[in-house]
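> One structure, as structure tokens, below. Some questions next.
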Amino acid sequence: METFTSLKSRAPLYVLVPTILLLLLITTYLTLVLQNQNYHITDVIFFNNIPAQVANISILSPKPAPDTLNDLQNLKQKNHPHEHQHGSPPPFVPTKKKAKSLLDKKEEGLAEARAAIYKAARTRNYTSDKEESFIPRGNIYRNAYAFHQSHIEMIKRFKVWSYKEGQLPLTHVGPMDCIYSIEGHFIDEMGNGKSPFMAHHHDEAHVYFLPVSVVNIVKYIYMPVTDWHRARMVRVVKDYVNLIADRYPHWNRSKGADHFMLSCHDWAPGVTKDDPELYANLMRVLCNANTSEGFKPIRDVSVPEYNILDKLKINSFSLGQPPDKRSILGFFAGGRAHGDIRPLLFQHWENKDAEILVYEKVPKELNYNKLMEQSKFCFCPSGWEVASPRIIESLQSGCVPVIIADNYELPFNDVLDWSKFSIFIPSSRIPEIKTILKGVSDKKYLKMQQRVMKVRRHFELNRPAKPFDVIHLVLHSVWLRRLNVKL
């Protein structure tokens, strides 16, 4: 028999050593491929340079086929029939695989969803178990195929648990007929027990909702006004988080990464400033989505602001005048002394140009809604905070929004391409507004106005919620961020 020494003498070290190292590298690579079961959704995007079969095995087939171990054992017995005689080692018996936890199953489902979204984006097609009533298409979307498949996966899998703890009116209810009304409608939608997204048990949920109303905290704790110090508001929310963290395992397990709260109040971003470590991973769904004040688009969600005056009439969409009948170039009416941007708008455009109408109060002989319906472009300047309900009013009247803001993360910006149906103007360019609007050709304006009419369905507020409406898009934004978290 040839010994290792004799083999060594025949094979030079400069051949033998690299060969052994290469074998070790191949073995390590195969081991990693077989063990790797889940991918971050942003990692899935970069599968272009990996063989499709490897990507698909890693995401969609984390388990070996059921009979693989038995087949290997039978093959061994066939090749070595006398190995089990007396004195031989006992036959190999595969150990029973440990049952998967509910959390493992949820994570596998999310991995499958990520794979389906990637496949839809790559193949420009979708996969669904049922007939789709609406198919997103067109350039108002950043990637219509990925968005559509993601929405399908959300409908199929996504479950939300709204915590039951807390006392009225600081939790579980919110305003439904004012400028902060999206807060109350969303809290009610998540807590009334009718939403198909609601989990039957907290262990089934993918995300956990904190049904705290910042608007009601301000209303009931700070009224009548004694002071405006934010410490009381901060303490109420922090006490609630500590309560649910003591009663349930979910917050501590994820450090808040699978939890979210929604508020439209101007003070809402300040809730988490007191303890940045505690709230480092909490998803904040905010109207006041100001990136200069700590709003992080990769973690937080921007939600549109609605000024609903009658909770029984939550949608007021109209066709308005057709594009060729809209005789007003640009229009705005609203308070002058709201923040730093509106005074600039009034300074440069109030009573300065017949084609640009800027009012603090609409003249009695005119009608606010009719003026919007007769305008090509409607100005949506920030007030004290970056968000403006006039964005929704513009869309409702078929008017192209002109968003005048600084550091504003627009709602659903990860899905919608706002440049296709709105114009964004920083405050520094307010003097140039007419030049900018005149620079939009008739052809481009017609396309933008058509896209306004198309995108409006995503800003309809329905109760109960309907597929692809604003509540669904809020949930979809939370769903996307949950896909980026692996527990």
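Identifiers in this document derive from the order of the structure tokens: chains are assigned A, B, ..., residues are numbered from 1 separately in each chain, and ligands are numbered from 1 in order of occurrence.
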Once you count only C-alpha atoms, what closest atom pair and distance in Å to one decimal does each residue of stretch 332-430 of chain A within 12 Å of stretch 295-298 of chain A have, with rows by chain and rising residue number, as a Markdown table?

| residue | atom | partner | partner_atom | distance |
| --- | --- | --- | --- | --- |
| A:Val386 | CA | A:Phe295 | CA | 11.5 |
| A:Asn407 | CA | A:Phe295 | CA | 9.5 |
| A:Tyr408 | CA | A:Phe295 | CA | 9.2 |
| A:Glu409 | CA | A:Pro297 | CA | 7.2 |
| A:Leu410 | CA | A:Pro297 | CA | 9.6 |
| A:Pro411 | CA | A:Pro297 | CA | 10.0 |
| A:Phe412 | CA | A:Pro297 | CA | 9.9 |
| A:Asn413 | CA | A:Pro297 | CA | 8.9 |
| A:Asp414 | CA | A:Pro297 | CA | 8.8 |
> Kindly export the residues of the current selection with C-alpha atoms, as a tab-separated table (two decimals), in the first residue's frame.

chain	number	residue	atom	x	y	z
A	386	VAL	CA	-43.45	69.84	6.99
A	407	ASN	CA	-36.47	68.13	4.46
A	408	TYR	CA	-39.86	66.48	3.86
A	409	GLU	CA	-39.98	62.73	3.23
A	410	LEU	CA	-43.09	62.29	1.07
A	411	PRO	CA	-45.66	59.60	1.94
A	412	PHE	CA	-45.08	56.14	0.44
A	413	ASN	CA	-41.95	57.38	-1.30
A	414	ASP	CA	-40.57	53.82	-1.42
> As a ChimeraX atom specification, please: the residues near stretch 444-456 of chain A (cut-off 8 Å, only C-alpha atoms, same-chain neighbours under 2 positions excluded).
/A:140,323,395-396,398-400,420-422,440-442,458-460
> How about saving the chosen residues, C-alpha atoms kept, as a CSV table (one decimal), in the first residue's frame?

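result-v7.csv, freshly written:
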chain,number,residue,atom,x,y,z
A,140,ILE,CA,-46.3,56.6,-11.0
A,323,PRO,CA,-57.4,70.1,-17.9
A,395,LEU,CA,-55.3,65.1,-5.4
A,396,GLN,CA,-59.0,65.2,-4.5
A,398,GLY,CA,-57.5,66.7,-9.7
A,399,CYS,CA,-55.0,69.5,-9.3
A,400,VAL,CA,-51.2,68.8,-9.7
A,420,LYS,CA,-44.4,61.9,-12.1
A,421,PHE,CA,-47.5,63.6,-10.6
A,422,SER,CA,-46.3,66.5,-8.5
A,440,VAL,CA,-44.0,72.7,-17.7
A,441,SER,CA,-45.1,72.1,-21.3
A,442,ASP,CA,-48.8,71.5,-22.1
A,458,HIS,CA,-53.9,55.2,-3.0
A,459,PHE,CA,-55.0,58.2,-1.0
A,460,GLU,CA,-58.6,57.3,-0.5
> So which one's closest to A:Pro169, A:Leu345, A:Leu309, A:Met372, A:Val215? Using only C-alpha atoms, please.
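Answer, going by the shortest atom-to-atom distance: A:Val215.
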> I'd like the neighbourhood of A:Ala245 as a PyMOL selection string, where a residue qualifies if any of its atoms comes within 12 Å (using only C-alpha atoms), though same-chain residues fewer than 2 positions away should be ignored.
chain A and resi 163+165+208+210+238-243+247-256+259+278
> Do you have, as CSV, the list of residues of stretch 282-377 of chain A lying at most 10 Å from stretch 183-199 of chain A, each with its nearest atom pair and that distance in Å to one decimal, counting only C-alpha atoms and ordered by chain then number?

residue,atom,partner,partner_atom,distance
A:Val285,CA,A:Glu183,CA,9.6
A:Leu286,CA,A:Glu183,CA,9.2
A:Cys287,CA,A:Glu183,CA,9.3
A:Val303,CA,A:Glu183,CA,9.6
A:Glu305,CA,A:Glu183,CA,9.2
A:Tyr306,CA,A:Glu183,CA,9.5
A:Lys311,CA,A:His185,CA,9.1
A:Ile314,CA,A:His185,CA,9.9
> Looking at A:Phe377, A:Phe468, A:Tyr180, A:Phe317, which one is nearest to A:Ile436, with distances taken over only C-alpha atoms?
A:Phe377
> With only C-alpha atoms as the atoms that count, which of A:Lys361, A:Tyr220, A:Ser397, A:Leu483 lies nearest to A:Ala115?
A:Leu483
> What does the distance between atom CA of A:Lys434 and atom CA of A:Pro401 come to in Å, to one decimal place?
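Taking atom CA of A:Lys434 as the start and atom CA of A:Pro401 as the end point, the length is 14.2 Å.
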